[in-house]
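A.B. asks: coords09.txt is reproduced below (compact mmCIF, C-alpha atoms).
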# COMPACT_ATOMS: atom_id res chain seq x y z
CA ILE A 1 0.74 -14.37 -18.98
CA SER A 2 4.41 -14.83 -19.83
CA TYR A 3 6.83 -17.20 -18.15
CA GLY A 4 9.97 -15.75 -19.72
CA ALA A 5 9.55 -12.17 -21.01
CA THR A 6 11.77 -9.89 -18.91
CA ASP A 7 11.70 -6.67 -20.95
CA THR A 8 11.18 -3.71 -18.62
CA GLN A 9 8.95 -1.97 -21.16
CA LEU A 10 6.30 -4.62 -20.54
CA SER A 11 5.93 -3.29 -16.98
CA ASP A 12 4.23 -0.16 -18.34
CA ARG A 13 0.62 -0.71 -17.27
CA LEU A 14 -0.64 2.02 -19.61
CA LEU A 15 0.86 0.36 -22.69
CA TYR A 16 0.31 -3.24 -21.58
CA PRO A 17 -2.62 -3.31 -19.14
CA TYR A 18 -3.38 -6.98 -19.81
CA PHE A 19 0.16 -8.34 -19.70
CA PHE A 20 1.36 -10.31 -16.68
CA ARG A 21 4.38 -12.49 -16.01
CA THR A 22 5.70 -14.97 -13.52
CA VAL A 23 9.32 -13.77 -13.76
CA GLN A 24 11.04 -10.59 -12.65
CA ASP A 25 11.98 -7.96 -15.22
CA ASP A 26 15.46 -6.95 -16.36
CA ARG A 27 15.61 -4.06 -13.91
CA THR A 28 15.78 -6.52 -11.02
CA HIS A 29 18.50 -8.48 -12.82
CA HIS A 30 20.54 -5.31 -13.40
CA ALA A 31 20.35 -4.42 -9.72
CA ALA A 32 21.61 -7.91 -8.85
CA ILE A 33 24.51 -7.52 -11.31
CA VAL A 34 25.55 -4.28 -9.64
CA LYS A 35 25.51 -5.91 -6.21
CA MET A 36 27.65 -8.79 -7.47
CA LEU A 37 30.17 -6.46 -9.12
CA LYS A 38 30.39 -4.38 -5.96
CA PHE A 39 30.85 -7.50 -3.84
CA PHE A 40 33.87 -8.65 -5.86
CA GLY A 41 35.21 -5.13 -6.36
CA TRP A 42 34.85 -5.23 -10.16
CA ASN A 43 34.39 -1.72 -11.55
CA TRP A 44 35.79 -2.13 -15.09
CA VAL A 45 33.65 -4.27 -17.42
CA GLY A 46 32.64 -4.97 -20.99
CA ILE A 47 29.13 -5.62 -22.32
CA ILE A 48 27.93 -7.81 -25.18
CA THR A 49 24.34 -7.54 -26.40
CA SER A 50 22.06 -8.49 -29.28
CA GLU A 51 21.77 -6.26 -32.33
CA ASP A 52 18.04 -5.61 -32.05
CA GLU A 53 15.62 -3.25 -30.33
CA SER A 54 15.42 -5.19 -27.07
CA GLY A 55 19.20 -5.57 -26.94
CA GLU A 56 19.74 -1.85 -27.47
CA ARG A 57 17.17 -0.97 -24.83
CA GLU A 58 18.61 -3.37 -22.27
CA LEU A 59 22.13 -2.11 -23.03
CA ARG A 60 20.97 1.44 -22.38
CA GLU A 61 19.24 0.53 -19.11
CA LEU A 62 22.12 -1.64 -17.88
CA SER A 63 24.68 1.04 -18.75
CA GLN A 64 22.74 3.64 -16.77
CA GLU A 65 22.52 1.30 -13.77
CA LEU A 66 26.25 0.52 -13.86
CA THR A 67 27.47 4.08 -14.30
CA SER A 68 25.17 5.36 -11.55
CA HIS A 69 27.05 3.05 -9.16
CA GLY A 70 30.53 4.04 -10.31
CA ILE A 71 31.14 1.02 -12.57
CA CYS A 72 32.87 1.90 -15.85
CA ILE A 73 32.22 0.26 -19.23
CA GLU A 74 35.33 -0.29 -21.34
CA TYR A 75 33.59 -1.54 -24.50
CA THR A 76 30.33 -2.83 -25.94
CA ILE A 77 29.83 -5.46 -28.65
CA THR A 78 26.61 -6.12 -30.56
CA MET A 79 25.66 -9.54 -31.90
CA PRO A 80 23.44 -9.97 -34.99
CA ASP A 81 20.89 -12.77 -35.23
CA LYS A 82 22.18 -13.71 -38.69
CA LYS A 83 25.61 -14.71 -39.90
CA ASP A 84 27.94 -11.76 -40.32
CA LYS A 85 31.61 -12.58 -40.83
CA GLY A 86 32.57 -8.99 -40.08
CA LYS A 87 31.41 -9.44 -36.50
CA TYR A 88 34.14 -11.99 -35.79
CA LYS A 89 36.61 -9.10 -35.78
CA ASP A 90 34.68 -7.45 -32.95
CA MET A 91 35.60 -10.32 -30.65
CA ASN A 92 39.24 -9.20 -30.89
CA ILE A 93 38.21 -6.19 -28.81
CA ILE A 94 37.88 -8.53 -25.83
CA GLU A 95 41.41 -9.85 -26.32
CA LYS A 96 42.88 -6.34 -26.41
CA ALA A 97 40.79 -5.02 -23.52
CA THR A 98 42.06 -4.72 -19.96
CA SER A 99 38.75 -5.54 -18.24
CA GLN A 100 38.32 -9.16 -17.16
CA VAL A 101 34.53 -9.17 -16.76
CA LEU A 102 32.04 -9.46 -19.64
CA ILE A 103 28.30 -8.98 -19.07
CA THR A 104 25.73 -10.35 -21.52
CA CYS A 105 22.38 -8.71 -22.16
CA GLY A 106 19.67 -8.88 -24.78
CA SER A 107 19.09 -12.22 -26.50
CA CYS A 108 21.39 -14.77 -28.12
CA ALA A 109 20.42 -16.45 -31.40
CA GLU A 110 22.15 -19.41 -33.06
CA PHE A 111 24.83 -17.34 -34.82
CA CYS A 112 25.58 -15.56 -31.56
CA ALA A 113 26.08 -18.91 -29.80
CA TYR A 114 28.42 -20.16 -32.53
CA MET A 115 30.35 -16.91 -32.49
CA ILE A 116 30.90 -17.14 -28.75
CA TYR A 117 31.86 -20.80 -29.07
CA ASN A 118 34.48 -19.98 -31.71
CA SER A 119 35.93 -17.36 -29.35
CA LEU A 120 36.65 -19.72 -26.46
CA THR A 121 40.37 -18.99 -26.64
CA ILE A 122 39.70 -15.28 -26.26
CA LEU A 123 37.25 -15.83 -23.41
CA LYS A 124 39.32 -18.31 -21.39
CA ASN A 125 40.56 -15.62 -18.98
CA ILE A 126 37.29 -13.67 -18.94
CA THR A 127 34.58 -13.97 -16.29
CA LEU A 128 31.19 -14.05 -18.00
CA LEU A 129 28.08 -12.73 -16.25
CA ILE A 130 25.35 -14.46 -18.25
CA ASN A 131 21.73 -13.37 -18.23
CA MET A 132 18.92 -15.93 -18.38
CA SER A 133 18.10 -15.55 -22.09
CA TRP A 134 21.73 -16.23 -23.02
CA LEU A 135 21.87 -19.11 -20.56
CA TYR A 136 18.88 -20.83 -22.15
CA ALA A 137 20.20 -20.18 -25.67
CA LEU A 138 23.67 -21.57 -24.97
CA THR A 139 22.13 -24.59 -23.26
CA PHE A 140 19.69 -25.14 -26.14
CA TRP A 141 22.45 -25.06 -28.74
CA LYS A 142 24.47 -27.43 -26.53
CA PHE A 143 27.28 -24.99 -25.84
CA GLY A 144 27.29 -25.72 -22.13
CA ILE A 145 31.08 -25.53 -22.13
CA LEU A 146 30.71 -21.75 -22.28
CA ILE A 147 28.82 -21.74 -19.00
CA ASP A 148 31.61 -23.48 -17.06
CA GLY A 149 33.37 -20.94 -14.87
CA SER A 150 30.77 -18.26 -15.58
CA LEU A 151 28.32 -16.56 -13.25
CA THR A 152 24.58 -16.27 -13.68
CA PHE A 153 21.44 -15.66 -11.66
CA THR A 154 18.58 -18.08 -11.24
CA ALA A 155 15.30 -17.38 -9.55
CA SER A 156 14.45 -19.18 -6.35
CA ILE A 157 11.76 -21.79 -6.92
CA ASN A 158 9.25 -23.64 -4.83
CA VAL A 159 8.91 -27.35 -5.40
CA ILE A 160 5.68 -28.29 -7.14
CA SER A 161 4.62 -31.72 -5.98
CA LYS A 162 4.61 -34.52 -8.55
CA ILE A 163 5.97 -32.30 -11.34
CA LYS A 164 8.98 -34.59 -11.85
CA ILE A 165 6.72 -37.62 -12.18
CA GLU A 166 4.49 -35.83 -14.68
CA PHE A 167 7.44 -34.75 -16.83
CA ASN A 168 8.98 -38.21 -16.77
CA ASN A 169 5.73 -39.71 -18.06
CA VAL A 170 5.66 -37.42 -21.09
CA ASN A 171 6.91 -39.03 -24.30
CA PRO A 172 5.73 -39.65 -27.90
CA VAL A 173 4.38 -43.08 -26.97
CA ASN A 174 1.94 -41.53 -24.50
CA ARG A 175 1.26 -38.53 -26.73
CA PRO A 176 1.73 -39.69 -30.33
CA LYS A 177 -0.02 -36.66 -31.87
CA ASP A 178 1.82 -33.97 -29.93
CA PRO A 179 3.74 -31.82 -32.49
CA LEU A 180 5.84 -30.14 -29.80
CA LEU A 181 7.14 -33.48 -28.51
CA GLU A 182 7.86 -34.48 -32.08
CA ASP A 183 10.05 -31.39 -32.53
CA LEU A 184 11.79 -31.91 -29.19
CA TRP A 185 12.60 -35.54 -29.95
CA ILE A 186 14.02 -34.55 -33.35
CA ARG A 187 16.08 -31.74 -31.88
CA PHE A 188 17.47 -33.38 -28.76
CA PHE A 189 17.37 -37.11 -29.46
CA GLN A 190 17.85 -36.97 -33.27
CA CYS A 191 14.78 -39.15 -33.74
CA ASN A 192 13.04 -39.71 -37.06
CA SER A 193 9.52 -38.34 -37.19
CA PRO A 194 6.57 -39.30 -39.40
CA ASN A 195 6.97 -35.89 -41.04
CA HIS A 196 9.55 -36.34 -43.80
CA ASP A 197 9.82 -32.58 -44.40
CA LYS A 198 10.86 -32.04 -40.78
CA ASN A 199 13.42 -34.81 -41.03
CA GLU A 200 14.91 -33.34 -44.18
CA PHE A 201 14.98 -29.83 -42.69
CA HIS A 202 16.75 -30.99 -39.53
CA THR A 203 19.26 -33.08 -41.45
CA THR A 204 20.06 -30.20 -43.81
CA VAL A 205 20.14 -27.29 -41.37
CA ASN A 206 21.58 -28.92 -38.25
CA ARG A 207 23.65 -31.51 -40.12
CA LYS A 208 22.57 -34.30 -37.83
CA THR A 209 21.83 -37.88 -38.82
CA LEU A 210 18.44 -39.03 -37.59
CA HIS A 211 17.61 -42.54 -36.44
CA ASN A 212 14.59 -44.52 -35.31
CA CYS A 213 13.74 -44.16 -31.64
CA THR A 214 11.55 -46.07 -29.23
CA GLY A 215 9.59 -42.97 -28.24
CA ARG A 216 10.15 -43.85 -24.60
CA GLU A 217 13.20 -41.65 -24.15
CA ARG A 218 13.00 -39.69 -20.93
CA PHE A 219 11.92 -36.08 -21.02
CA LYS A 220 14.05 -35.35 -17.95
CA ASP A 221 17.15 -35.99 -20.07
CA ILE A 222 16.29 -32.87 -22.07
CA ILE A 223 15.88 -30.44 -19.19
CA SER A 224 16.73 -30.52 -15.53
CA ILE A 225 13.44 -30.29 -13.68
CA SER A 226 15.24 -30.14 -10.35
CA HIS A 227 17.49 -27.17 -11.09
CA ASP A 228 15.83 -25.32 -13.96
CA SER A 229 13.38 -22.64 -12.85
CA GLN A 230 11.69 -22.13 -16.23
CA PRO A 231 9.35 -25.17 -16.06
CA TYR A 232 8.03 -23.85 -12.76
CA PHE A 233 7.36 -20.42 -14.24
CA VAL A 234 5.40 -22.11 -17.03
CA VAL A 235 3.34 -24.06 -14.50
CA TYR A 236 2.65 -20.91 -12.47
CA ALA A 237 1.52 -19.08 -15.61
CA VAL A 238 -0.83 -21.92 -16.57
CA TYR A 239 -2.21 -22.14 -13.04
CA ALA A 240 -2.78 -18.38 -12.90
CA MET A 241 -4.68 -18.41 -16.19
CA ALA A 242 -6.71 -21.47 -15.19
CA LEU A 243 -7.60 -19.92 -11.83
CA ALA A 244 -8.64 -16.64 -13.46
CA LEU A 245 -10.86 -18.45 -15.98
CA HIS A 246 -12.36 -20.56 -13.21
CA ARG A 247 -13.23 -17.51 -11.13
CA MET A 248 -14.71 -15.78 -14.17
CA TYR A 249 -16.86 -18.83 -14.80
CA LEU A 250 -18.03 -18.95 -11.20
CA SER A 251 -18.83 -15.23 -11.14
CA SER A 252 -21.09 -15.64 -14.17
CA HIS A 253 -23.19 -18.16 -12.24
CA VAL A 254 -23.48 -16.23 -8.98
CA ASP A 255 -26.86 -14.97 -7.86
CA HIS A 256 -26.26 -11.24 -7.44
CA ARG A 257 -28.91 -11.12 -4.74
CA GLU A 258 -26.59 -13.26 -2.65
CA LEU A 259 -23.81 -10.75 -3.26
CA ASN A 260 -25.98 -7.99 -1.90
CA ALA A 261 -26.79 -10.14 1.10
CA GLY A 262 -23.12 -10.05 2.06
CA LYS A 263 -22.38 -13.72 1.42
CA TYR A 264 -19.33 -12.81 -0.68
CA ASN A 265 -16.80 -10.47 0.87
CA TYR A 266 -13.98 -8.78 -1.00
CA LYS A 267 -10.86 -7.15 0.35
CA HIS A 268 -11.15 -4.16 -1.98
CA LYS A 269 -14.55 -2.66 -2.78
CA VAL A 270 -15.62 0.26 -4.92
CA ASN A 271 -18.51 2.35 -3.65
CA ILE A 272 -20.69 3.74 -6.41
If you convert what's in this file into structure tokens, what do you get?

C.D. replies:
Amino acid sequence: ISYGATDTQLSDRLLYPYFFRTVQDDRTHHAAIVKMLKFFGWNWVGIITSEDESGERELRELSQELTSHGICIEYTITMPDKKDKGKYKDMNIIEKATSQVLITCGSCAEFCAYMIYNSLTILKNITLLINMSWLYALTFWKFGILIDGSLTFTASINVISKIKIEFNNVNPVNRPKDPLLEDLWIRFFQCNSPNHDKNEFHTTVNRKTLHNCTGRERFKDIISISHDSQPYFVVYAVYAMALALHRMYLSSHVDHRELNAGKYNYKHKVNI
């Protein structure tokens, strides 16, 4: 059960009969993009996508959706997941283009985020339509400045009671042996960890100076529980799996004679 995979190929029940998700696929997102473009009267756009299989597939599907509604694509740019100095020249296409709307699709790795950040001057007069994977990536790499003035879609969420309280109580003091929290505190709070290899890696790769922390820093300072839909999708996925396992457990302890007696009723039945 995925809380973030949006690839339309995963909706193929023949290929992936045991895959489920708590988010909508890219096809729904593409339809929403078309409605937004139509609403503002934008019919001349550019597209930027990741240089991988999923990026190519989403570009193909998005292009078909746009052209079928009379929206023309002026240019497309692909972004690699590794450093490629030659790709910086591709950003000049945006500066020379006449379209004022740029749609993102596919995924955005660290180099992609840096490349976009270094192109702020080029993008200052461009309206970005950012998909969720790019939104999370740019937020993770702390390039929130790119999001200002841009447009994106977020899923509507239902409030899960006490989730804020639970998140706020999560920290390394309460969970000293949690490796995920250790990584999060290194990444977002620049905290030293007991693992010297991790400290050295973070200092070398991210060029950040680490310091000693109390371990009581607030988890809510990392993500916005109130406005971010992803934590809720994670909770829904966990609940769905837990409920399925619970029902499987109960079914293994049911007296089948009671089933035949009609004690348990099901909406859908198969007659053999």

A.B. asks: What does the distance from atom CA of Glu200 of chain A to atom CA of Ile186 of chain A come to in Å, to one decimal?

C.D. replies: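 These atoms are spaced 10.9 Å apart.
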
A.B. asks: Quick one: residues within 12 Å of segment 125-127 of chain A, only C-alpha atoms counted, chain neighbours fewer than 2 positions away excluded, as an NGL selection string?

C.D. replies: :A and (37 or 40 or 42 or 44-47 or 94-104 or 119-123 or 129-130 or 146-152)

A.B. asks: Just how far from atom CA of Thr8 of chain A is atom CA of Ser50 of chain A, in Å to one decimal?

C.D. replies: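 Atom CA of Thr8 of chain A lies at a distance of 16.0 Å from atom CA of Ser50 of chain A.
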
A.B. asks: Rank A:Pro80, A:Ile93, A:Arg27, A:Met115 by their smallest atom-to-atom distance to Ser63 of chain A, using only C-alpha atoms, and report the top residue only.

C.D. replies: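 Distance minimum relative to Ser63 of chain A lands on A:Arg27.
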
A.B. asks: As JSON, numbers by chain, please: the residues near Leu184 of chain A (cut-off 10 Å, only C-alpha atoms, same-chain neighbours under 5 positions excluded).

C.D. replies: {"A": [171, 172, 179, 189, 190, 191, 219, 222]}

A.B. asks: Could you state the separation of atom CA of Arg57 of chain A and atom CA of Val234 of chain A in Å, given to one decimal place?

C.D. replies: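 Computing it gives 25.4 Å between the two atoms.
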
A.B. asks: Fewer than 4 positions away in the same chain doesn't count, so skip those; otherwise give me all residues within 8 Å of segment 236-253 of chain A, counting only C-alpha atoms, as a ChimeraX atom specification.

C.D. replies: /A:1-3,21-22,232

A.B. asks: Out of A:Asn43, A:Ser68, A:Thr6, A:Asn169, which residue has the shortest atom-to-atom distance to Arg218 of chain A when counting only C-alpha atoms?

C.D. replies: A:Asn169

A.B. asks: Please determine, counting all atoms listed in the file, which residue among A:Ala32, A:Phe233, A:Val170, A:Cys213 has the shortest atom-to-atom distance to Asn131 of chain A.

C.D. replies: A:Ala32

A.B. asks: Which residues are near segment 203-209 of chain A? Cut-off 12 Å, all atoms listed in the file, ignore same chain within fewer than 4 positions. Put them as a PyMOL selection string.

C.D. replies: chain A and resi 110+141+186-193+196-199
